[in-house]
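Some notes on the structure that comes next.
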Amino acid sequence: MPTPQKTLIDLEKKFWQSMVNQDTDTALAMLSEPSLMVSSHGAMKFDHAAYRKMAEQGNMVVTSFELSDVEVVFPNDAMAIVTYRVKQDVAPRGESKATQQVMNDSSTWVKHGSGWQCVMHTETPAEAAPTKH
């Protein structure tokens with residue numbers, strides 16, 4: 001049986017893979033309703049219909065991802081916070097030329113029955129390592 005930490009890391013990877021696969025239904029099954037997100041586009045609250053519109057009609061798509069430096073903390077038995085660095089390739093919808101981005105992300109997951117749902121996600125561009133003077 002996987003450890004609780006591995007379960008949450010696997011869920012985070014499954015969500016990312018659902019974006020790469022453009023599998024909106026899988027992503028929706030993992031999202032609380034409503035959910036929150038904070039990104040370079042600002043803070044937003046969205047329901048499943050709004051997520052479907054973003055995922056299926058948004059200008060950019062995720063074409064690949066790689067998670068690293070993953071940490072999982074359980075403030076209590078029904079909540080988990082996952083932080084990590086993600087190297088993601090994004091491309092304009094319908095195009096193949098992708099741009100790589102490195103972001104620092106966090107997700108807050110809450111336990112519902114026997115499963116987990118993501119209720120909050122943040123992403124912040126990772127800054128280049130500071131230059132030593």
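Here's how to read the names in the structure tokens: chain A, B, ... by the order shown, residue numbers from 1 in each chain, ligand numbers from 1 in the order shown.
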message: So that I can check the secondary structure, give me every residue of chain A assigned helix (DSSP H, G or I) by backbone DSSP, as a count of residues only.
response: 34
- prompt: Near A:Ser68, counting only C-alpha atoms, which residues have an atom at most 7 Å away, once you skip same-chain residues fewer than 6 positions from it, shown as a list in words?
  reply: Tyr84, Arg85 and Val86 of chain A
Out of stretch 6-131 of chain A, which residues get strand (DSSP E) from DSSP, as a short mmCIF file (atom, residue, chain, number, x, y, z; two decimals) with all heavy atoms, in the first residue's frame?
data_model
loop_
_atom_site.label_atom_id
_atom_site.label_comp_id
_atom_site.auth_asym_id
_atom_site.auth_seq_id
_atom_site.Cartn_x
_atom_site.Cartn_y
_atom_site.Cartn_z
N LEU A 31 -10.86 17.85 -8.82
CA LEU A 31 -11.01 19.23 -8.34
C LEU A 31 -12.22 19.38 -7.44
O LEU A 31 -13.31 18.92 -7.76
CB LEU A 31 -11.18 20.18 -9.53
CG LEU A 31 -9.94 20.54 -10.31
CD1 LEU A 31 -10.32 21.34 -11.56
CD2 LEU A 31 -8.96 21.32 -9.45
N SER A 32 -12.02 20.08 -6.34
CA SER A 32 -13.12 20.47 -5.48
C SER A 32 -13.94 21.52 -6.23
O SER A 32 -13.44 22.17 -7.14
CB SER A 32 -12.53 21.06 -4.20
OG SER A 32 -13.55 21.44 -3.32
N GLU A 33 -15.19 21.67 -5.85
CA GLU A 33 -16.01 22.70 -6.48
C GLU A 33 -16.64 23.55 -5.40
O GLU A 33 -17.39 23.01 -4.58
CB GLU A 33 -17.07 22.07 -7.36
CG GLU A 33 -17.79 23.07 -8.23
CD GLU A 33 -18.72 22.43 -9.26
OE1 GLU A 33 -19.34 21.41 -8.95
OE2 GLU A 33 -18.81 22.96 -10.36
N PRO A 34 -16.33 24.85 -5.33
CA PRO A 34 -15.39 25.56 -6.21
C PRO A 34 -13.94 25.30 -5.81
O PRO A 34 -13.67 24.74 -4.74
CB PRO A 34 -15.75 27.03 -5.98
CG PRO A 34 -16.21 27.07 -4.56
CD PRO A 34 -16.91 25.74 -4.33
N SER A 35 -13.02 25.72 -6.66
CA SER A 35 -11.58 25.66 -6.40
C SER A 35 -11.01 27.06 -6.53
O SER A 35 -11.64 27.95 -7.11
CB SER A 35 -10.88 24.74 -7.40
OG SER A 35 -11.26 23.40 -7.21
N LEU A 36 -9.79 27.22 -6.02
CA LEU A 36 -9.09 28.50 -6.10
C LEU A 36 -7.75 28.30 -6.79
O LEU A 36 -7.14 27.23 -6.69
CB LEU A 36 -8.83 29.05 -4.70
CG LEU A 36 -10.06 29.32 -3.83
CD1 LEU A 36 -9.63 29.58 -2.40
CD2 LEU A 36 -10.84 30.49 -4.38
N MET A 37 -7.28 29.36 -7.47
CA MET A 37 -5.96 29.33 -8.09
C MET A 37 -5.35 30.72 -8.01
O MET A 37 -6.05 31.72 -8.18
CB MET A 37 -6.04 28.88 -9.54
CG MET A 37 -4.68 28.73 -10.20
SD MET A 37 -4.73 27.90 -11.79
CE MET A 37 -5.52 29.11 -12.80
N VAL A 38 -4.05 30.75 -7.76
CA VAL A 38 -3.29 32.00 -7.80
C VAL A 38 -2.13 31.78 -8.76
O VAL A 38 -1.35 30.84 -8.60
CB VAL A 38 -2.76 32.39 -6.40
CG1 VAL A 38 -1.92 33.65 -6.49
CG2 VAL A 38 -3.90 32.57 -5.41
N SER A 39 -2.05 32.64 -9.77
CA SER A 39 -0.98 32.53 -10.77
C SER A 39 -0.61 33.93 -11.24
O SER A 39 -1.10 34.92 -10.70
CB SER A 39 -1.46 31.68 -11.96
OG SER A 39 -2.42 32.39 -12.72
N GLY A 42 -3.38 36.29 -11.72
CA GLY A 42 -4.13 36.79 -10.56
C GLY A 42 -4.75 35.66 -9.77
O GLY A 42 -4.45 34.49 -9.98
N ALA A 43 -5.62 36.04 -8.85
CA ALA A 43 -6.33 35.07 -8.02
C ALA A 43 -7.71 34.84 -8.63
O ALA A 43 -8.36 35.77 -9.09
CB ALA A 43 -6.46 35.60 -6.60
N MET A 44 -8.14 33.58 -8.64
CA MET A 44 -9.45 33.29 -9.20
C MET A 44 -10.11 32.14 -8.47
O MET A 44 -9.45 31.25 -7.93
CB MET A 44 -9.38 33.00 -10.69
CG MET A 44 -8.71 31.68 -11.05
SD MET A 44 -8.84 31.26 -12.79
CE MET A 44 -7.73 32.44 -13.49
N LYS A 45 -11.42 32.19 -8.45
CA LYS A 45 -12.26 31.13 -7.92
C LYS A 45 -13.04 30.60 -9.11
O LYS A 45 -13.54 31.39 -9.92
CB LYS A 45 -13.21 31.71 -6.86
CG LYS A 45 -14.13 30.72 -6.23
CD LYS A 45 -14.97 31.47 -5.17
CE LYS A 45 -15.95 30.57 -4.49
NZ LYS A 45 -16.73 31.35 -3.49
N PHE A 46 -13.12 29.28 -9.25
CA PHE A 46 -13.80 28.73 -10.42
C PHE A 46 -14.53 27.44 -10.06
O PHE A 46 -14.17 26.74 -9.13
CB PHE A 46 -12.81 28.48 -11.57
CG PHE A 46 -11.66 27.59 -11.20
CD1 PHE A 46 -11.72 26.22 -11.39
CD2 PHE A 46 -10.49 28.12 -10.66
CE1 PHE A 46 -10.67 25.39 -11.04
CE2 PHE A 46 -9.43 27.31 -10.31
CZ PHE A 46 -9.52 25.93 -10.50
N MET A 60 -3.31 28.46 -24.23
CA MET A 60 -2.10 27.67 -24.08
C MET A 60 -2.43 26.27 -23.56
O MET A 60 -3.39 26.10 -22.82
CB MET A 60 -1.12 28.35 -23.11
CG MET A 60 -0.72 29.77 -23.50
SD MET A 60 0.17 29.87 -25.05
CE MET A 60 1.80 29.36 -24.52
N VAL A 61 -1.60 25.30 -23.96
CA VAL A 61 -1.74 23.93 -23.46
C VAL A 61 -0.39 23.46 -22.92
O VAL A 61 0.67 23.86 -23.42
CB VAL A 61 -2.25 22.96 -24.55
CG1 VAL A 61 -3.68 23.31 -24.96
CG2 VAL A 61 -1.34 22.93 -25.75
N VAL A 62 -0.44 22.61 -21.91
CA VAL A 62 0.76 22.00 -21.36
C VAL A 62 1.07 20.78 -22.21
O VAL A 62 0.19 19.93 -22.44
CB VAL A 62 0.54 21.58 -19.88
CG1 VAL A 62 1.77 20.86 -19.34
CG2 VAL A 62 0.21 22.80 -19.02
N THR A 63 2.31 20.68 -22.72
CA THR A 63 2.67 19.55 -23.58
C THR A 63 3.55 18.53 -22.87
O THR A 63 3.63 17.38 -23.29
CB THR A 63 3.37 20.03 -24.86
OG1 THR A 63 4.54 20.76 -24.50
CG2 THR A 63 2.44 20.93 -25.68
N SER A 64 4.23 18.93 -21.79
CA SER A 64 5.00 17.99 -20.98
C SER A 64 5.32 18.64 -19.64
O SER A 64 5.20 19.87 -19.50
CB SER A 64 6.29 17.55 -21.69
OG SER A 64 7.19 18.62 -21.75
N PHE A 65 5.70 17.82 -18.67
CA PHE A 65 6.03 18.35 -17.35
C PHE A 65 7.01 17.41 -16.65
O PHE A 65 7.09 16.21 -16.97
CB PHE A 65 4.77 18.51 -16.49
CG PHE A 65 4.17 17.20 -16.06
CD1 PHE A 65 4.48 16.65 -14.82
CD2 PHE A 65 3.32 16.50 -16.89
CE1 PHE A 65 3.95 15.44 -14.42
CE2 PHE A 65 2.78 15.28 -16.51
CZ PHE A 65 3.10 14.75 -15.27
N GLU A 66 7.74 17.97 -15.70
CA GLU A 66 8.63 17.18 -14.85
C GLU A 66 8.64 17.84 -13.48
O GLU A 66 8.98 19.02 -13.34
CB GLU A 66 10.04 17.18 -15.44
CG GLU A 66 11.04 16.40 -14.64
CD GLU A 66 12.45 16.52 -15.23
OE1 GLU A 66 12.58 16.65 -16.46
OE2 GLU A 66 13.41 16.50 -14.42
N LEU A 67 8.22 17.08 -12.45
CA LEU A 67 8.18 17.59 -11.08
C LEU A 67 9.49 17.24 -10.37
O LEU A 67 10.05 16.18 -10.59
CB LEU A 67 7.03 16.98 -10.29
CG LEU A 67 5.62 17.08 -10.88
CD1 LEU A 67 4.60 16.53 -9.89
CD2 LEU A 67 5.28 18.50 -11.26
N SER A 68 9.95 18.16 -9.51
CA SER A 68 11.13 17.88 -8.68
C SER A 68 10.95 18.59 -7.34
O SER A 68 10.05 19.42 -7.17
CB SER A 68 12.41 18.35 -9.37
OG SER A 68 12.37 19.75 -9.58
N ASP A 69 11.83 18.25 -6.40
CA ASP A 69 11.82 18.88 -5.06
C ASP A 69 10.43 18.82 -4.42
O ASP A 69 9.97 19.80 -3.82
CB ASP A 69 12.30 20.34 -5.13
CG ASP A 69 13.68 20.45 -5.76
OD1 ASP A 69 14.52 19.56 -5.51
OD2 ASP A 69 13.92 21.42 -6.50
N VAL A 70 9.76 17.69 -4.54
CA VAL A 70 8.39 17.55 -4.04
C VAL A 70 8.41 17.34 -2.52
O VAL A 70 9.16 16.52 -2.00
CB VAL A 70 7.67 16.37 -4.72
CG1 VAL A 70 6.23 16.26 -4.24
CG2 VAL A 70 7.71 16.51 -6.24
N GLU A 71 7.56 18.11 -1.84
CA GLU A 71 7.37 17.97 -0.40
C GLU A 71 5.87 17.86 -0.13
O GLU A 71 5.06 18.51 -0.79
CB GLU A 71 7.91 19.19 0.36
CG GLU A 71 9.41 19.39 0.23
CD GLU A 71 10.24 18.36 0.97
OE1 GLU A 71 9.69 17.66 1.85
OE2 GLU A 71 11.44 18.26 0.67
N VAL A 72 5.51 17.02 0.86
CA VAL A 72 4.11 16.87 1.24
C VAL A 72 4.01 17.04 2.75
O VAL A 72 4.78 16.45 3.50
CB VAL A 72 3.57 15.47 0.86
CG1 VAL A 72 2.09 15.35 1.24
CG2 VAL A 72 3.77 15.18 -0.61
N VAL A 73 3.06 17.88 3.19
CA VAL A 73 2.81 18.11 4.61
C VAL A 73 1.33 17.85 4.86
O VAL A 73 0.48 18.25 4.05
CB VAL A 73 3.18 19.56 5.01
CG1 VAL A 73 2.74 19.87 6.43
CG2 VAL A 73 4.66 19.80 4.84
N PHE A 74 1.03 17.18 5.96
CA PHE A 74 -0.34 16.90 6.37
C PHE A 74 -0.66 17.70 7.64
O PHE A 74 -0.32 17.26 8.74
CB PHE A 74 -0.53 15.41 6.64
CG PHE A 74 -0.42 14.55 5.42
CD1 PHE A 74 0.80 14.02 5.03
CD2 PHE A 74 -1.54 14.27 4.65
CE1 PHE A 74 0.91 13.24 3.90
CE2 PHE A 74 -1.44 13.49 3.50
CZ PHE A 74 -0.21 12.97 3.13
N PRO A 75 -1.30 18.89 7.50
CA PRO A 75 -1.68 19.65 8.69
C PRO A 75 -2.64 18.87 9.58
O PRO A 75 -2.66 19.04 10.79
CB PRO A 75 -2.35 20.91 8.15
CG PRO A 75 -1.82 21.04 6.76
CD PRO A 75 -1.61 19.63 6.27
N ASN A 76 -3.47 18.03 8.96
CA ASN A 76 -4.35 17.11 9.69
C ASN A 76 -4.66 15.94 8.76
O ASN A 76 -4.19 15.91 7.62
CB ASN A 76 -5.61 17.82 10.21
CG ASN A 76 -6.44 18.43 9.08
OD1 ASN A 76 -6.74 17.76 8.09
ND2 ASN A 76 -6.81 19.69 9.23
N MET A 79 -6.26 16.94 5.23
CA MET A 79 -5.69 18.00 4.41
C MET A 79 -4.23 17.70 4.11
O MET A 79 -3.51 17.23 4.98
CB MET A 79 -5.79 19.35 5.12
CG MET A 79 -5.15 20.49 4.35
SD MET A 79 -5.15 22.03 5.28
CE MET A 79 -6.84 22.51 5.07
N ALA A 80 -3.83 17.99 2.88
CA ALA A 80 -2.43 17.82 2.49
C ALA A 80 -2.02 19.01 1.64
O ALA A 80 -2.82 19.50 0.82
CB ALA A 80 -2.24 16.53 1.71
N ILE A 81 -0.79 19.45 1.84
CA ILE A 81 -0.23 20.52 1.02
C ILE A 81 1.00 19.96 0.33
O ILE A 81 1.88 19.39 0.98
CB ILE A 81 0.12 21.76 1.87
CG1 ILE A 81 -1.15 22.29 2.56
CG2 ILE A 81 0.77 22.84 1.00
CD1 ILE A 81 -0.90 23.30 3.63
N VAL A 82 1.02 20.10 -0.99
CA VAL A 82 2.12 19.58 -1.81
C VAL A 82 2.82 20.77 -2.44
O VAL A 82 2.17 21.63 -3.04
CB VAL A 82 1.58 18.64 -2.92
CG1 VAL A 82 2.73 18.04 -3.71
CG2 VAL A 82 0.70 17.55 -2.34
N THR A 83 4.14 20.84 -2.29
CA THR A 83 4.91 21.89 -2.95
C THR A 83 5.96 21.22 -3.83
O THR A 83 6.43 20.12 -3.53
CB THR A 83 5.62 22.83 -1.94
OG1 THR A 83 6.54 22.08 -1.17
CG2 THR A 83 4.61 23.52 -1.04
N TYR A 84 6.32 21.89 -4.92
CA TYR A 84 7.29 21.32 -5.84
C TYR A 84 7.72 22.37 -6.87
O TYR A 84 7.11 23.42 -7.01
CB TYR A 84 6.73 20.09 -6.57
CG TYR A 84 5.40 20.34 -7.25
CD1 TYR A 84 5.33 20.77 -8.57
CD2 TYR A 84 4.21 20.15 -6.55
CE1 TYR A 84 4.12 20.99 -9.19
CE2 TYR A 84 3.00 20.39 -7.17
CZ TYR A 84 2.95 20.81 -8.47
OH TYR A 84 1.74 21.04 -9.09
N ARG A 85 8.76 22.00 -7.59
CA ARG A 85 9.22 22.77 -8.75
C ARG A 85 8.76 21.97 -9.97
O ARG A 85 8.87 20.75 -9.98
CB ARG A 85 10.74 22.90 -8.72
CG ARG A 85 11.33 23.61 -9.92
CD ARG A 85 12.83 23.78 -9.75
NE ARG A 85 13.11 24.76 -8.72
CZ ARG A 85 13.55 25.98 -8.93
NH1 ARG A 85 13.84 26.38 -10.15
NH2 ARG A 85 13.76 26.81 -7.95
N VAL A 86 8.24 22.66 -10.96
CA VAL A 86 7.82 21.97 -12.17
C VAL A 86 8.48 22.63 -13.38
O VAL A 86 8.53 23.85 -13.50
CB VAL A 86 6.28 21.94 -12.33
CG1 VAL A 86 5.69 23.33 -12.41
CG2 VAL A 86 5.87 21.12 -13.54
N LYS A 87 9.03 21.78 -14.23
CA LYS A 87 9.54 22.21 -15.52
C LYS A 87 8.45 21.82 -16.50
O LYS A 87 8.14 20.64 -16.67
CB LYS A 87 10.84 21.46 -15.84
CG LYS A 87 11.70 22.14 -16.87
CD LYS A 87 12.95 21.34 -17.20
CE LYS A 87 13.81 21.03 -15.99
NZ LYS A 87 15.01 20.25 -16.33
N GLN A 88 7.81 22.82 -17.11
CA GLN A 88 6.67 22.54 -17.99
C GLN A 88 6.92 23.14 -19.36
O GLN A 88 7.50 24.21 -19.49
CB GLN A 88 5.38 23.10 -17.38
CG GLN A 88 5.38 24.60 -17.19
CD GLN A 88 4.18 25.10 -16.40
OE1 GLN A 88 3.55 24.36 -15.67
NE2 GLN A 88 3.85 26.38 -16.56
N ASP A 89 6.48 22.40 -20.36
CA ASP A 89 6.50 22.91 -21.72
C ASP A 89 5.06 23.31 -22.07
O ASP A 89 4.13 22.52 -21.86
CB ASP A 89 7.00 21.85 -22.71
CG ASP A 89 8.49 21.59 -22.56
OD1 ASP A 89 9.20 22.47 -22.03
OD2 ASP A 89 8.95 20.51 -22.97
N VAL A 90 4.89 24.53 -22.55
CA VAL A 90 3.58 25.02 -22.94
C VAL A 90 3.65 25.52 -24.38
O VAL A 90 4.68 26.01 -24.83
CB VAL A 90 3.08 26.15 -22.00
CG1 VAL A 90 2.87 25.63 -20.59
CG2 VAL A 90 4.02 27.33 -21.99
N ALA A 91 2.54 25.35 -25.08
CA ALA A 91 2.48 25.76 -26.48
C ALA A 91 1.13 26.40 -26.74
O ALA A 91 0.14 26.05 -26.09
CB ALA A 91 2.67 24.54 -27.40
N PRO A 92 1.08 27.32 -27.70
CA PRO A 92 -0.23 27.84 -28.10
C PRO A 92 -1.09 26.69 -28.61
O PRO A 92 -0.59 25.77 -29.28
CB PRO A 92 0.10 28.82 -29.24
CG PRO A 92 1.55 29.20 -29.00
CD PRO A 92 2.18 27.96 -28.43
N THR A 99 7.31 26.32 -25.36
CA THR A 99 8.23 27.12 -24.56
C THR A 99 8.34 26.46 -23.20
O THR A 99 7.33 26.04 -22.63
CB THR A 99 7.67 28.55 -24.37
OG1 THR A 99 7.45 29.13 -25.65
CG2 THR A 99 8.63 29.41 -23.57
N GLN A 100 9.56 26.37 -22.68
CA GLN A 100 9.74 25.77 -21.37
C GLN A 100 9.65 26.84 -20.28
O GLN A 100 10.19 27.93 -20.43
CB GLN A 100 11.08 25.05 -21.26
CG GLN A 100 11.19 24.24 -19.99
CD GLN A 100 12.41 23.35 -19.98
OE1 GLN A 100 13.49 23.78 -19.62
NE2 GLN A 100 12.22 22.11 -20.41
N GLN A 101 8.94 26.51 -19.22
CA GLN A 101 8.82 27.39 -18.06
C GLN A 101 9.20 26.57 -16.83
O GLN A 101 8.93 25.37 -16.77
CB GLN A 101 7.38 27.88 -17.87
CG GLN A 101 6.83 28.66 -19.02
CD GLN A 101 5.35 28.97 -18.85
OE1 GLN A 101 4.61 28.25 -18.18
NE2 GLN A 101 4.90 30.04 -19.47
N VAL A 102 9.81 27.23 -15.85
CA VAL A 102 10.08 26.60 -14.57
C VAL A 102 9.30 27.38 -13.53
O VAL A 102 9.41 28.60 -13.44
CB VAL A 102 11.59 26.58 -14.24
CG1 VAL A 102 11.84 25.93 -12.89
CG2 VAL A 102 12.36 25.86 -15.33
N MET A 103 8.47 26.66 -12.79
CA MET A 103 7.58 27.28 -11.82
C MET A 103 7.74 26.61 -10.46
O MET A 103 8.12 25.44 -10.38
CB MET A 103 6.12 27.12 -12.27
CG MET A 103 5.84 27.54 -13.69
SD MET A 103 6.04 29.30 -13.97
CE MET A 103 4.38 29.84 -13.73
N ASN A 104 7.43 27.37 -9.41
CA ASN A 104 7.31 26.83 -8.06
C ASN A 104 5.82 26.77 -7.77
O ASN A 104 5.13 27.79 -7.83
CB ASN A 104 8.03 27.72 -7.05
CG ASN A 104 9.53 27.71 -7.27
OD1 ASN A 104 10.13 26.66 -7.42
ND2 ASN A 104 10.13 28.88 -7.31
N ASP A 105 5.32 25.56 -7.49
CA ASP A 105 3.88 25.36 -7.33
C ASP A 105 3.54 24.81 -5.96
O ASP A 105 4.38 24.20 -5.29
CB ASP A 105 3.37 24.36 -8.38
CG ASP A 105 3.31 24.94 -9.79
OD1 ASP A 105 3.91 25.99 -10.03
OD2 ASP A 105 2.64 24.32 -10.63
N SER A 106 2.28 24.99 -5.59
CA SER A 106 1.74 24.35 -4.40
C SER A 106 0.30 23.98 -4.67
O SER A 106 -0.40 24.66 -5.44
CB SER A 106 1.84 25.26 -3.17
OG SER A 106 0.94 26.33 -3.26
N SER A 107 -0.13 22.88 -4.07
CA SER A 107 -1.52 22.45 -4.17
C SER A 107 -1.99 22.06 -2.78
O SER A 107 -1.26 21.42 -2.03
CB SER A 107 -1.67 21.24 -5.10
OG SER A 107 -1.32 21.57 -6.42
N THR A 108 -3.22 22.44 -2.47
CA THR A 108 -3.84 22.04 -1.21
C THR A 108 -4.95 21.05 -1.56
O THR A 108 -5.83 21.34 -2.36
CB THR A 108 -4.43 23.26 -0.47
OG1 THR A 108 -3.37 24.19 -0.23
CG2 THR A 108 -5.05 22.84 0.85
N TRP A 109 -4.84 19.88 -0.95
CA TRP A 109 -5.78 18.79 -1.19
C TRP A 109 -6.58 18.54 0.08
O TRP A 109 -6.03 18.60 1.18
CB TRP A 109 -5.03 17.52 -1.57
CG TRP A 109 -4.31 17.59 -2.88
CD1 TRP A 109 -3.09 18.16 -3.12
CD2 TRP A 109 -4.75 17.08 -4.13
NE1 TRP A 109 -2.76 18.04 -4.45
CE2 TRP A 109 -3.76 17.37 -5.09
CE3 TRP A 109 -5.91 16.40 -4.53
CZ2 TRP A 109 -3.88 17.00 -6.43
CZ3 TRP A 109 -6.03 16.03 -5.86
CH2 TRP A 109 -5.02 16.33 -6.80
N VAL A 110 -7.88 18.26 -0.07
CA VAL A 110 -8.73 17.91 1.07
C VAL A 110 -9.31 16.53 0.82
O VAL A 110 -9.61 16.15 -0.32
CB VAL A 110 -9.85 18.96 1.29
CG1 VAL A 110 -9.26 20.27 1.77
CG2 VAL A 110 -10.68 19.16 0.06
N LYS A 111 -9.46 15.79 1.92
CA LYS A 111 -9.98 14.43 1.81
C LYS A 111 -11.50 14.48 1.81
O LYS A 111 -12.11 15.12 2.66
CB LYS A 111 -9.47 13.58 2.96
CG LYS A 111 -9.64 12.11 2.73
CD LYS A 111 -8.78 11.32 3.70
CE LYS A 111 -8.60 9.92 3.16
NZ LYS A 111 -7.70 9.16 3.98
N HIS A 112 -12.09 13.82 0.82
CA HIS A 112 -13.54 13.68 0.72
C HIS A 112 -13.83 12.18 0.68
O HIS A 112 -13.52 11.53 -0.31
CB HIS A 112 -14.08 14.35 -0.55
CG HIS A 112 -14.08 15.84 -0.50
ND1 HIS A 112 -15.03 16.56 0.18
CD2 HIS A 112 -13.23 16.75 -1.02
CE1 HIS A 112 -14.77 17.85 0.07
NE2 HIS A 112 -13.68 17.99 -0.66
N GLY A 115 -11.32 9.55 -0.97
CA GLY A 115 -10.45 10.15 -1.98
C GLY A 115 -10.06 11.57 -1.62
O GLY A 115 -10.47 12.13 -0.61
N TRP A 116 -9.22 12.15 -2.47
CA TRP A 116 -8.72 13.50 -2.28
C TRP A 116 -9.14 14.38 -3.44
O TRP A 116 -9.22 13.92 -4.58
CB TRP A 116 -7.19 13.48 -2.23
CG TRP A 116 -6.62 12.82 -1.02
CD1 TRP A 116 -6.32 11.48 -0.88
CD2 TRP A 116 -6.26 13.43 0.21
NE1 TRP A 116 -5.81 11.25 0.37
CE2 TRP A 116 -5.75 12.43 1.06
CE3 TRP A 116 -6.32 14.74 0.68
CZ2 TRP A 116 -5.31 12.69 2.34
CZ3 TRP A 116 -5.87 15.01 1.95
CH2 TRP A 116 -5.38 13.99 2.78
N GLN A 117 -9.38 15.68 -3.15
CA GLN A 117 -9.67 16.66 -4.19
C GLN A 117 -8.80 17.89 -3.97
O GLN A 117 -8.57 18.30 -2.82
CB GLN A 117 -11.14 17.07 -4.18
CG GLN A 117 -12.06 15.97 -4.67
CD GLN A 117 -13.48 16.47 -4.82
OE1 GLN A 117 -14.00 17.16 -3.96
NE2 GLN A 117 -14.09 16.12 -5.94
N CYS A 118 -8.35 18.49 -5.05
CA CYS A 118 -7.55 19.70 -4.98
C CYS A 118 -8.49 20.89 -4.85
O CYS A 118 -9.40 21.06 -5.66
CB CYS A 118 -6.69 19.84 -6.23
SG CYS A 118 -5.55 21.25 -6.13
N VAL A 119 -8.25 21.71 -3.82
CA VAL A 119 -9.11 22.86 -3.57
C VAL A 119 -8.40 24.18 -3.87
O VAL A 119 -9.03 25.19 -4.08
CB VAL A 119 -9.66 22.83 -2.12
CG1 VAL A 119 -8.56 23.05 -1.11
CG2 VAL A 119 -10.78 23.83 -1.93
N MET A 120 -7.04 24.14 -3.94
CA MET A 120 -6.27 25.37 -4.14
C MET A 120 -4.96 25.04 -4.82
O MET A 120 -4.29 24.07 -4.44
CB MET A 120 -6.00 26.01 -2.77
CG MET A 120 -5.03 27.15 -2.77
SD MET A 120 -5.81 28.63 -3.41
CE MET A 120 -4.51 29.81 -3.15
N HIS A 121 -4.59 25.83 -5.82
CA HIS A 121 -3.31 25.63 -6.52
C HIS A 121 -2.68 27.00 -6.73
O HIS A 121 -3.37 27.96 -7.07
CB HIS A 121 -3.52 24.93 -7.87
CG HIS A 121 -2.25 24.68 -8.60
ND1 HIS A 121 -1.38 23.67 -8.25
CD2 HIS A 121 -1.67 25.33 -9.63
CE1 HIS A 121 -0.33 23.71 -9.06
NE2 HIS A 121 -0.49 24.71 -9.91
N THR A 122 -1.37 27.07 -6.51
CA THR A 122 -0.64 28.30 -6.80
C THR A 122 0.54 27.99 -7.70
O THR A 122 1.09 26.89 -7.66
CB THR A 122 -0.09 28.98 -5.51
OG1 THR A 122 0.96 28.19 -4.97
CG2 THR A 122 -1.19 29.18 -4.48
N GLU A 123 0.90 28.94 -8.54
CA GLU A 123 2.12 28.80 -9.33
C GLU A 123 2.81 30.15 -9.42
O GLU A 123 2.17 31.17 -9.65
CB GLU A 123 1.86 28.20 -10.71
CG GLU A 123 1.06 29.03 -11.65
CD GLU A 123 0.98 28.41 -13.04
OE1 GLU A 123 1.11 27.19 -13.17
OE2 GLU A 123 0.81 29.17 -13.99
N THR A 124 4.13 30.10 -9.20
CA THR A 124 4.97 31.29 -9.22
C THR A 124 6.16 31.01 -10.11
O THR A 124 6.83 29.99 -9.92
CB THR A 124 5.45 31.63 -7.80
OG1 THR A 124 4.32 31.76 -6.94
CG2 THR A 124 6.26 32.90 -7.78
N PRO A 125 6.45 31.87 -11.07
CA PRO A 125 7.65 31.64 -11.90
C PRO A 125 8.89 31.53 -11.03
O PRO A 125 9.08 32.34 -10.11
CB PRO A 125 7.70 32.86 -12.80
CG PRO A 125 6.30 33.40 -12.82
CD PRO A 125 5.73 33.08 -11.46
#
- prompt: Interatomic distance between atom CA of A:Glu56 and atom CA of A:Ser40?
  reply: 19.7 Å
field: One-decimal distance in Å that lies between atom CA of A:Met30 and atom CA of A:Lys13
entry: 11.5 Å
- prompt: Hey, can you check how far atom CA of A:Ala50 sits from atom CA of A:Gly94?
  reply: 20.7 Å
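Nearest to A:Pro4 of all the residues A:Asp77, A:Glu127, A:Glu95, A:Ala29 is A:Asp77, based on only C-alpha atoms.
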